[in-house]
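Dumped coords-v1.cif below, it's mmCIF, C-alpha atoms:
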data_model
loop_
_atom_site.label_atom_id
_atom_site.label_comp_id
_atom_site.auth_asym_id
_atom_site.auth_seq_id
_atom_site.Cartn_x
_atom_site.Cartn_y
_atom_site.Cartn_z
CA MET A 1 -131.97 77.95 115.86
CA LYS A 2 -129.89 77.88 119.03
CA PRO A 3 -128.82 81.32 120.32
CA LEU A 4 -125.16 82.24 119.82
CA GLN A 5 -122.98 81.61 122.84
CA ASN A 6 -119.73 83.24 123.90
CA ARG A 7 -117.86 80.46 125.62
CA ARG A 8 -114.30 80.98 126.83
CA VAL A 9 -111.52 79.49 124.70
CA VAL A 10 -108.20 78.30 126.12
CA ILE A 11 -105.02 76.69 124.81
CA THR A 12 -104.19 73.19 126.07
CA GLY A 13 -101.55 71.99 123.60
CA LEU A 14 -98.70 73.30 121.45
CA GLY A 15 -96.54 71.68 118.78
CA ALA A 16 -93.77 72.99 116.54
CA ILE A 17 -91.49 72.06 113.65
CA THR A 18 -89.39 75.17 113.02
CA PRO A 19 -86.10 76.45 111.61
CA LEU A 20 -84.90 76.72 115.25
CA GLY A 21 -85.79 73.17 116.29
CA ASN A 22 -88.36 70.43 115.94
CA SER A 23 -90.27 70.80 119.20
CA VAL A 24 -91.84 73.66 121.14
CA ASP A 25 -89.04 73.60 123.72
CA ALA A 26 -86.32 73.68 121.05
CA TYR A 27 -88.08 76.51 119.27
CA TRP A 28 -88.60 78.58 122.44
CA ASN A 29 -85.02 78.03 123.63
CA GLY A 30 -83.77 79.12 120.21
CA LEU A 31 -85.79 82.32 120.43
CA LEU A 32 -84.47 83.16 123.88
CA ALA A 33 -80.92 82.47 122.73
CA GLY A 34 -81.36 84.91 119.85
CA GLN A 35 -80.53 82.13 117.41
CA SER A 36 -80.82 82.68 113.67
CA GLY A 37 -82.45 79.83 111.76
CA CYS A 38 -81.10 81.15 108.47
CA ASP A 39 -78.37 79.56 106.35
CA PHE A 40 -77.57 78.71 102.76
CA ILE A 41 -80.26 76.60 101.09
CA THR A 42 -79.51 72.88 101.03
CA SER A 43 -82.56 71.53 99.18
CA PHE A 44 -81.61 72.72 95.68
CA ASP A 45 -78.80 74.37 93.73
CA THR A 46 -79.08 78.15 94.14
CA GLU A 47 -76.24 79.13 91.82
CA LYS A 48 -78.48 81.06 89.42
CA PHE A 49 -80.80 82.55 92.08
CA LYS A 50 -80.53 86.07 93.47
CA THR A 51 -81.19 84.80 97.00
CA LYS A 52 -79.25 81.75 98.10
CA PHE A 53 -80.43 81.38 101.69
CA ALA A 54 -83.55 80.67 103.73
CA CYS A 55 -84.69 79.48 107.15
CA GLU A 56 -85.02 75.76 106.40
CA VAL A 57 -86.17 73.15 108.90
CA LYS A 58 -83.14 71.12 109.92
CA ASN A 59 -82.69 67.48 110.90
CA PHE A 60 -86.24 66.60 109.94
CA ASN A 61 -86.39 62.97 108.87
CA PRO A 62 -89.93 62.02 107.80
CA GLU A 63 -89.25 58.42 108.75
CA ASP A 64 -88.95 59.50 112.39
CA TYR A 65 -92.67 60.33 112.17
CA PHE A 66 -94.10 58.10 109.41
CA ASP A 67 -93.29 54.79 107.80
CA ARG A 68 -91.67 55.10 104.39
CA LYS A 69 -94.79 54.24 102.41
CA GLU A 70 -96.90 56.79 104.31
CA ALA A 71 -94.25 59.51 104.02
CA ARG A 72 -94.27 59.22 100.22
CA LYS A 73 -97.98 60.07 100.20
CA LEU A 74 -97.42 63.34 102.05
CA ASP A 75 -96.10 66.65 100.76
CA ARG A 76 -93.55 68.27 103.04
CA PHE A 77 -96.12 70.83 104.27
CA SER A 78 -98.40 67.97 105.39
CA GLN A 79 -95.48 66.21 107.08
CA PHE A 80 -94.82 69.37 109.10
CA ALA A 81 -98.53 69.61 109.90
CA LEU A 82 -98.86 66.05 111.19
CA ALA A 83 -95.61 66.16 113.16
CA SER A 84 -96.45 69.43 114.94
CA ALA A 85 -100.07 68.39 115.53
CA ASP A 86 -98.88 65.19 117.19
CA GLU A 87 -96.85 67.12 119.76
CA ALA A 88 -99.78 69.45 120.48
CA VAL A 89 -102.37 66.67 120.76
CA LYS A 90 -100.13 64.65 123.09
CA GLN A 91 -99.59 67.64 125.37
CA SER A 92 -103.31 68.36 125.47
CA GLY A 93 -104.26 64.79 126.36
CA LEU A 94 -107.17 64.94 123.92
CA THR A 95 -106.75 61.32 122.88
CA ALA A 96 -106.89 59.88 126.39
CA GLU A 97 -109.49 57.14 126.70
CA GLY A 98 -112.91 58.63 127.40
CA ALA A 99 -111.56 62.20 127.56
CA ILE A 100 -113.58 63.61 124.68
CA ASN A 101 -116.41 63.18 122.24
CA ARG A 102 -114.52 63.02 118.93
CA ASP A 103 -117.61 64.18 117.05
CA ARG A 104 -117.04 67.57 118.70
CA VAL A 105 -113.31 67.90 118.04
CA GLY A 106 -112.31 69.58 114.78
CA VAL A 107 -109.23 70.47 112.74
CA ILE A 108 -108.73 73.80 110.97
CA TRP A 109 -105.35 73.92 109.24
CA ALA A 110 -103.83 76.68 107.15
CA SER A 111 -101.27 77.06 104.42
CA GLY A 112 -100.63 79.95 102.10
CA ILE A 113 -99.47 77.79 99.19
CA GLY A 114 -99.83 74.11 100.12
CA GLY A 115 -98.03 71.34 98.25
CA MET A 116 -95.53 73.45 96.34
CA VAL A 117 -92.82 70.77 96.40
CA THR A 118 -95.20 68.18 94.97
CA TYR A 119 -96.50 70.51 92.27
CA TYR A 120 -92.99 71.48 91.18
CA GLU A 121 -91.72 67.89 91.06
CA GLU A 122 -94.73 66.60 89.13
CA MET A 123 -94.68 69.39 86.57
CA MET A 124 -90.92 69.12 86.05
CA GLY A 125 -91.34 65.39 85.48
CA PHE A 126 -94.03 66.06 82.89
CA PHE A 127 -92.05 68.74 81.03
CA LYS A 128 -88.95 66.53 80.87
CA GLY A 129 -90.95 63.69 79.34
CA ASP A 130 -92.38 63.21 75.88
CA GLY A 131 -95.68 64.89 76.69
CA THR A 132 -97.38 61.70 77.87
CA PRO A 133 -99.25 62.53 81.12
CA ARG A 134 -97.59 60.20 83.62
CA PHE A 135 -98.59 61.71 86.96
CA ASN A 136 -98.38 60.17 90.40
CA PRO A 137 -101.88 59.11 91.54
CA PHE A 138 -101.17 60.99 94.80
CA PHE A 139 -100.28 64.22 92.95
CA ILE A 140 -103.57 66.01 93.65
CA PRO A 141 -104.18 64.63 97.19
CA LYS A 142 -100.61 65.59 98.16
CA MET A 143 -100.86 69.10 96.75
CA ILE A 144 -104.23 70.49 97.81
CA LEU A 145 -104.33 72.89 100.73
CA ASP A 146 -107.06 71.18 102.73
CA ILE A 147 -105.34 67.79 102.81
CA ALA A 148 -103.33 68.50 105.98
CA ALA A 149 -106.53 69.09 107.96
CA GLY A 150 -107.91 65.88 106.51
CA HIS A 151 -104.84 63.85 107.47
CA ILE A 152 -104.87 65.16 111.05
CA SER A 153 -108.56 64.39 111.48
CA MET A 154 -108.11 60.87 110.08
CA LYS A 155 -105.16 60.13 112.33
CA TYR A 156 -107.07 60.94 115.52
CA GLY A 157 -110.66 60.29 114.46
CA PHE A 158 -111.67 63.92 115.01
CA ARG A 159 -115.03 64.30 113.24
CA GLY A 160 -115.85 67.93 114.06
CA PRO A 161 -115.43 70.97 111.76
CA ASN A 162 -112.65 70.26 109.27
CA PHE A 163 -111.30 72.63 106.61
CA ALA A 164 -108.45 74.90 105.55
CA THR A 165 -108.06 78.67 105.70
CA VAL A 166 -106.13 80.57 103.04
CA SER A 167 -105.25 84.26 103.36
CA ALA A 168 -101.57 84.31 102.39
CA CYS A 169 -99.41 85.19 105.40
CA ALA A 170 -102.44 85.66 107.66
CA SER A 171 -103.72 82.13 106.96
CA SER A 172 -102.93 80.39 110.24
CA THR A 173 -104.07 83.33 112.37
CA HIS A 174 -107.38 83.08 110.54
CA ALA A 175 -107.37 79.35 111.34
CA LEU A 176 -107.00 80.18 115.04
CA ILE A 177 -109.76 82.79 114.83
CA ASP A 178 -112.13 80.40 113.06
CA ALA A 179 -111.36 77.69 115.61
CA ALA A 180 -112.00 80.06 118.52
CA THR A 181 -115.25 81.21 116.93
CA TYR A 182 -116.62 77.69 116.42
CA ILE A 183 -115.82 76.84 120.03
CA ARG A 184 -117.30 80.10 121.32
CA ILE A 185 -120.62 79.51 119.59
CA GLY A 186 -120.87 75.89 120.70
CA MET A 187 -120.20 74.07 117.41
CA ALA A 188 -117.13 72.28 118.83
CA ASP A 189 -115.51 71.55 122.18
CA ALA A 190 -111.93 71.53 120.91
CA ILE A 191 -110.14 72.19 117.63
CA VAL A 192 -106.58 71.52 116.49
CA ALA A 193 -105.57 74.63 114.56
CA GLY A 194 -102.37 75.88 113.02
CA GLY A 195 -100.49 76.16 109.79
CA SER A 196 -97.57 74.83 107.80
CA GLU A 197 -95.58 75.82 104.75
CA ALA A 198 -92.84 74.24 102.64
CA ALA A 199 -92.12 76.88 100.01
CA VAL A 200 -88.30 76.85 100.09
CA THR A 201 -88.21 75.61 96.50
CA GLN A 202 -86.98 76.85 93.17
CA SER A 203 -90.37 78.36 92.38
CA GLY A 204 -90.79 79.80 95.88
CA ILE A 205 -87.43 81.56 95.96
CA GLY A 206 -87.59 82.48 92.28
CA GLY A 207 -91.10 83.86 92.53
CA PHE A 208 -90.42 86.06 95.54
CA ASN A 209 -87.13 87.20 93.97
CA ALA A 210 -89.08 88.31 90.90
CA MET A 211 -91.25 90.45 93.19
CA LYS A 212 -88.10 91.89 94.81
CA ALA A 213 -89.54 90.83 98.17
CA LEU A 214 -86.62 88.77 99.50
CA SER A 215 -83.39 89.89 101.10
CA GLU A 216 -80.36 89.32 98.88
CA ARG A 217 -77.77 89.56 101.66
CA ASN A 218 -75.88 86.49 100.45
CA ASP A 219 -72.64 87.58 102.11
CA ASP A 220 -74.18 87.21 105.60
CA PRO A 221 -77.38 85.13 105.63
CA LYS A 222 -77.70 84.84 109.40
CA THR A 223 -78.16 88.60 109.69
CA ALA A 224 -80.35 88.96 106.59
CA SER A 225 -83.65 89.16 108.46
CA ARG A 226 -83.31 92.45 110.30
CA PRO A 227 -86.71 93.99 111.10
CA PHE A 228 -86.65 97.73 111.88
CA ASP A 229 -82.97 98.05 110.96
CA LYS A 230 -82.13 100.93 108.64
CA ASP A 231 -80.45 98.55 106.17
CA ARG A 232 -83.19 95.90 105.94
CA ASP A 233 -83.68 94.78 102.35
CA GLY A 234 -86.52 92.27 102.35
CA PHE A 235 -87.80 89.19 104.14
CA VAL A 236 -86.21 85.77 104.52
CA LEU A 237 -88.30 82.78 103.50
CA GLY A 238 -88.90 80.17 106.19
CA GLU A 239 -90.66 76.82 106.46
CA GLY A 240 -92.19 74.60 109.13
CA GLY A 241 -95.45 73.91 110.91
CA CYS A 242 -97.01 74.79 114.25
CA ALA A 243 -100.14 73.50 115.95
CA LEU A 244 -102.31 74.69 118.84
CA VAL A 245 -105.11 72.87 120.61
CA LEU A 246 -107.95 75.29 121.34
CA GLU A 247 -110.55 74.11 123.83
CA GLU A 248 -113.63 75.37 125.60
CA TYR A 249 -112.67 76.38 129.14
CA GLU A 250 -115.16 74.26 131.09
CA HIS A 251 -114.45 71.26 128.86
CA ALA A 252 -110.73 71.56 129.56
CA LYS A 253 -111.26 72.00 133.30
CA ALA A 254 -113.62 69.02 133.47
CA ARG A 255 -111.03 66.64 132.06
CA GLY A 256 -108.18 68.08 134.12
CA ALA A 257 -106.21 69.53 131.21
CA ARG A 258 -103.40 71.99 131.85
CA ILE A 259 -104.45 75.41 130.56
CA LEU A 260 -101.51 77.25 129.00
CA ALA A 261 -103.22 80.53 128.08
CA GLU A 262 -106.58 81.96 127.10
CA ILE A 263 -107.65 83.58 123.84
CA ALA A 264 -108.90 86.96 124.96
CA GLY A 265 -109.89 88.43 121.61
CA CYS A 266 -109.61 88.21 117.84
CA GLY A 267 -109.64 90.78 115.06
CA MET A 268 -109.88 90.68 111.27
CA SER A 269 -109.82 93.38 108.61
CA ALA A 270 -108.82 94.19 105.04
CA ASP A 271 -106.62 96.97 103.68
CA ALA A 272 -108.71 97.12 100.49
CA TYR A 273 -105.75 98.88 98.92
CA HIS A 274 -103.02 96.94 97.04
CA LEU A 275 -101.95 93.43 96.06
CA THR A 276 -98.75 93.42 98.10
CA ALA A 277 -98.08 96.84 99.66
CA PRO A 278 -99.47 97.93 103.03
CA HIS A 279 -101.96 100.78 103.17
CA PRO A 280 -99.84 103.96 103.44
CA GLU A 281 -101.86 105.21 106.41
CA GLY A 282 -102.12 101.76 108.01
CA LEU A 283 -105.92 101.83 108.04
CA GLY A 284 -106.42 98.06 107.88
CA VAL A 285 -103.72 97.38 110.47
CA MET A 286 -105.19 99.91 112.89
CA LEU A 287 -108.64 98.43 112.36
CA VAL A 288 -107.57 94.83 112.99
CA MET A 289 -105.89 95.68 116.30
CA ARG A 290 -108.84 97.78 117.43
CA ASN A 291 -111.17 94.93 116.52
CA ALA A 292 -109.10 92.49 118.59
CA LEU A 293 -109.06 94.83 121.60
CA GLU A 294 -112.80 95.42 121.31
CA ASP A 295 -113.49 91.68 121.05
CA ALA A 296 -111.36 91.12 124.15
CA ASP A 297 -113.02 94.03 125.98
CA MET A 298 -109.51 95.22 126.82
CA LYS A 299 -107.86 98.60 126.98
CA PRO A 300 -104.57 99.11 125.13
CA SER A 301 -102.86 99.53 128.52
CA GLU A 302 -103.70 95.91 129.39
CA VAL A 303 -101.46 94.54 126.61
CA ASP A 304 -97.76 94.23 127.48
CA TYR A 305 -96.28 92.66 124.32
CA VAL A 306 -96.94 92.85 120.60
CA ASN A 307 -95.44 90.17 118.37
CA VAL A 308 -95.47 92.17 115.16
CA HIS A 309 -95.75 90.96 111.59
CA GLY A 310 -92.35 92.66 111.18
CA THR A 311 -91.10 91.01 108.01
CA SER A 312 -87.97 93.15 107.50
CA THR A 313 -89.33 95.02 104.49
CA PRO A 314 -88.73 98.76 104.04
CA LEU A 315 -92.40 99.78 103.91
CA GLY A 316 -94.12 97.20 106.09
CA ASP A 317 -92.10 97.59 109.27
CA VAL A 318 -92.59 101.35 109.45
CA ALA A 319 -96.30 101.16 108.60
CA GLU A 320 -97.01 98.62 111.34
CA LEU A 321 -95.29 100.68 114.04
CA LYS A 322 -97.17 103.79 112.97
CA ALA A 323 -100.42 101.84 113.31
CA ILE A 324 -99.44 100.60 116.78
CA ALA A 325 -98.68 104.18 117.84
CA GLU A 326 -102.10 105.28 116.58
CA VAL A 327 -104.01 102.46 118.32
CA PHE A 328 -102.09 102.36 121.61
CA GLY A 329 -101.30 106.06 122.00
CA GLU A 330 -98.83 106.74 124.80
CA ASP A 331 -99.19 103.10 125.90
CA ALA A 332 -97.35 102.11 122.69
CA TYR A 333 -94.09 103.15 124.34
CA LYS A 334 -94.74 101.05 127.45
CA LEU A 335 -95.11 97.89 125.36
CA ASN A 336 -92.40 95.51 124.38
CA VAL A 337 -92.51 94.91 120.64
CA SER A 338 -90.53 92.25 118.81
CA SER A 339 -90.36 90.42 115.51
CA THR A 340 -89.47 86.75 115.90
CA LYS A 341 -89.19 86.57 112.09
CA SER A 342 -85.70 87.93 112.67
CA MET A 343 -84.89 84.38 113.83
CA THR A 344 -87.36 82.09 112.07
CA GLY A 345 -87.77 83.88 108.77
CA HIS A 346 -91.24 84.23 107.30
CA LEU A 347 -93.30 81.02 107.31
CA LEU A 348 -95.98 82.56 105.08
CA GLY A 349 -99.17 80.61 105.86
CA GLY A 350 -97.52 79.17 108.98
CA ALA A 351 -96.43 82.57 110.33
CA GLY A 352 -99.49 83.17 112.51
CA ALA A 353 -99.18 79.82 114.26
CA ILE A 354 -95.44 79.98 114.95
CA GLU A 355 -95.81 83.53 116.26
CA ALA A 356 -98.87 82.61 118.33
CA ILE A 357 -96.72 80.05 120.14
CA ALA A 358 -94.03 82.68 120.77
CA SER A 359 -96.71 85.00 122.18
CA ILE A 360 -98.21 82.29 124.39
CA LYS A 361 -94.79 81.32 125.76
CA ALA A 362 -94.08 84.98 126.48
CA VAL A 363 -97.31 85.17 128.48
CA MET A 364 -96.55 81.90 130.29
CA HIS A 365 -92.97 82.75 131.25
CA ASP A 366 -92.97 86.57 131.41
CA ILE A 367 -90.17 86.81 128.87
CA VAL A 368 -90.29 88.73 125.58
CA PRO A 369 -88.22 87.12 122.81
CA PRO A 370 -85.91 89.54 121.02
CA THR A 371 -85.70 91.13 117.61
CA ILE A 372 -82.20 90.11 116.56
CA ASN A 373 -79.92 91.54 113.88
CA HIS A 374 -80.31 95.18 114.83
CA PHE A 375 -77.27 97.21 113.85
CA THR A 376 -78.40 100.67 112.69
CA ASP A 377 -81.35 102.75 113.87
CA ASP A 378 -83.85 103.76 111.21
CA PRO A 379 -84.57 107.50 111.43
CA GLU A 380 -88.13 106.83 110.20
CA ILE A 381 -88.89 104.77 113.33
CA ASP A 382 -89.92 106.51 116.53
CA PRO A 383 -87.07 105.88 119.03
CA ARG A 384 -89.58 105.72 121.90
CA PHE A 385 -90.60 102.21 120.83
CA ASN A 386 -89.09 99.37 122.84
CA LEU A 387 -88.29 96.96 120.03
CA SER A 388 -86.52 94.40 122.27
CA PHE A 389 -83.38 94.48 120.19
CA ASN A 390 -80.90 91.59 120.34
CA HIS A 391 -81.74 90.29 123.84
CA PRO A 392 -84.84 88.80 125.50
CA VAL A 393 -86.59 91.02 128.03
CA GLN A 394 -87.85 89.77 131.39
CA ARG A 395 -91.09 91.54 132.29
CA THR A 396 -94.64 90.74 133.31
CA VAL A 397 -96.66 89.83 130.22
CA ARG A 398 -100.33 89.84 131.16
CA ALA A 399 -101.42 89.73 127.55
CA ALA A 400 -99.76 89.54 124.14
CA LEU A 401 -101.15 90.61 120.78
CA SER A 402 -99.94 88.78 117.66
CA ASN A 403 -100.28 90.45 114.26
CA THR A 404 -100.22 88.81 110.82
CA PHE A 405 -100.85 90.46 107.46
CA GLY A 406 -101.10 88.81 104.03
CA PHE A 407 -100.75 89.76 100.38
CA GLY A 408 -104.14 90.94 99.21
CA GLY A 409 -104.56 93.12 102.28
CA HIS A 410 -105.67 90.38 104.68
CA ASN A 411 -105.11 91.29 108.36
CA ALA A 412 -105.61 89.13 111.45
CA SER A 413 -104.75 89.62 115.12
CA VAL A 414 -105.18 87.48 118.23
CA ILE A 415 -104.73 88.45 121.88
CA PHE A 416 -103.56 85.81 124.35
CA LYS A 417 -103.74 86.34 128.09
CA LYS A 418 -102.56 84.47 131.16
CA ALA A 419 -104.49 81.40 132.23
CA GLU A 420 -106.38 81.72 135.51
CA ALA A 421 -104.60 80.16 138.48
#

Let me see the file written as structure tokens.
Amino acid sequence: MKPLQNRRVVITGLGAITPLGNSVDAYWNGLLAGQSGCDFITSFDTEKFKTKFACEVKNFNPEDYFDRKEARKLDRFSQFALASADEAVKQSGLTAEGAINRDRVGVIWASGIGGMVTYYEEMMGFFKGDGTPRFNPFFIPKMILDIAAGHISMKYGFRGPNFATVSACASSTHALIDAATYIRIGMADAIVAGGSEAAVTQSGIGGFNAMKALSERNDDPKTASRPFDKDRDGFVLGEGGCALVLEEYEHAKARGARILAEIAGCGMSADAYHLTAPHPEGLGVMLVMRNALEDADMKPSEVDYVNVHGTSTPLGDVAELKAIAEVFGEDAYKLNVSSTKSMTGHLLGGAGAIEAIASIKAVMHDIVPPTINHFTDDPEIDPRFNLSFNHPVQRTVRAALSNTFGFGGHNASVIFKKAEA
């Protein structure tokens, strides 16, 4: 057996379909503008629902990306996956003639739920019928979680490692960690990794309402996602897809690729506590950040920005900040911290990928995107934290840590640092 390696992993491509815009530039500009992607839901009638708003993707026409026949074979989450992957792959130059060995390029794609739209439509059609099972032959291939990874690999002929990761809201951060690991140990030269979700549906909104997890601020949707605010009342559901091209450093240099950032370290842990609530002492969250710092061989003082999970829930926001204070000590108050979910909503399985891109862009441009919708300080939150309220912050960002936590107690963190000149 070959010995394990520890090769450097860099980012050479980014792609995004988001509630703030359907490209990385549109998304980043929306973040810096403090733009809310939230509005009243347009995809179904919300009259009887407790929550009537979400962060939907806007102006996304599948026929701009696929022919009509192909689009009908793809669930919305797969459409987001393919569209965002295309932007990332084009930026990376991976498909240039002779640039790569496609046997050593993989795809690891995440979703927390997968083809929810397809499942809902097919089951509603069945229940409205006479009981005769008349299902679309593409029902199962459209719905299953792994299909997005399969579609991306087929489009580009990437024959390396190919699978899906599922860990609720930590899913796409786990996809990035798996991709980095396979490259580090020499099983691939490059991997397209990311996540997508399309859960703004009757069952998605209704299910989270039943859990009392969503904000019900129907009188003012654009300010409904308000992480760390005293009056936060739950998260806002979002949708979209984001892709990153991870590549071995020497491989990227050899083909002349532009290196956007480097993955410095990765961490994973479990709360081992509760289905949906965070551990009251933040044990799993502290552990995952410590694991990421240890993997990166970095001191807490070397991190300048933390893109927090920060969902705008009463318990979660406080618990995460307490964990950051424990891990970073006095350096916690020198950090900039922000929750970009205040603008994008919560993309569930796509959250890690969309927030990884925000973290990478912060490192690239030395700008921290804000936490918008802050109106009232929460007395339970230490006022020494710099939570980047309402305006972007210009500062040197040598490294950024991105946190994601999922139902079931799944925790994942990635640290991105500046690319070498």

Query raised in the report: Mind pulling up the distance from CA of Leu214 in chain A to CA of Leu237 in chain A?
Result: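 Going from CA of Leu237 in chain A over to CA of Leu214 in chain A covers 7.4 Å.
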
Query raised in the report: Got a sec to resolve the PyMOL selection byres ((chain A and resi 161) around 6) on this structure and send the residues as a VMD selection string?
Result: chain A and resid 106 160 162

Report task. Enter the distance from CA of Phe328 in chain A to CA of Val303 in chain A, in Å, rounded to one decimal. Result ->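 Interatomic distance here is 9.3 Å.
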
Fewer than 6 positions away in the same chain doesn't count, so skip those; otherwise give me all residues within 7 Å of Gly240 in chain A, counting only C-alpha atoms, as a JSON list (two decimals) with C-alpha atoms, in the coordinates of the input.
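Saved file result_33.json follows:
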[["chain", "number", "residue", "atom", "x", "y", "z"],
["A", 17, "ILE", "CA", -91.49, 72.06, 113.65],
["A", 18, "THR", "CA", -89.39, 75.17, 113.02],
["A", 19, "PRO", "CA", -86.10, 76.45, 111.61],
["A", 57, "VAL", "CA", -86.17, 73.15, 108.90],
["A", 80, "PHE", "CA", -94.82, 69.37, 109.10],
["A", 196, "SER", "CA", -97.57, 74.83, 107.80],
["A", 197, "GLU", "CA", -95.58, 75.82, 104.75],
["A", 198, "ALA", "CA", -92.84, 74.24, 102.64],
["A", 347, "LEU", "CA", -93.30, 81.02, 107.31]]

Requested in this report: May I have the protein, DNA and RNA residues with any atom at most 9 Å from the point (-98.4, 83.1, 129.5), counting only C-alpha atoms, written as a ChimeraX atom specification?
Outcome: /A:260-262,359-366,397-400,416-419

Query raised in the report: Could you write out as a PyMOL selection string the residues that the PyMOL selection byres ((chain A and resi 77) around 10) matches in the shown file?
Result: chain A and resi 74-76+78-82+111+113-118+142-143+145+147-148+195-199+239-241+350
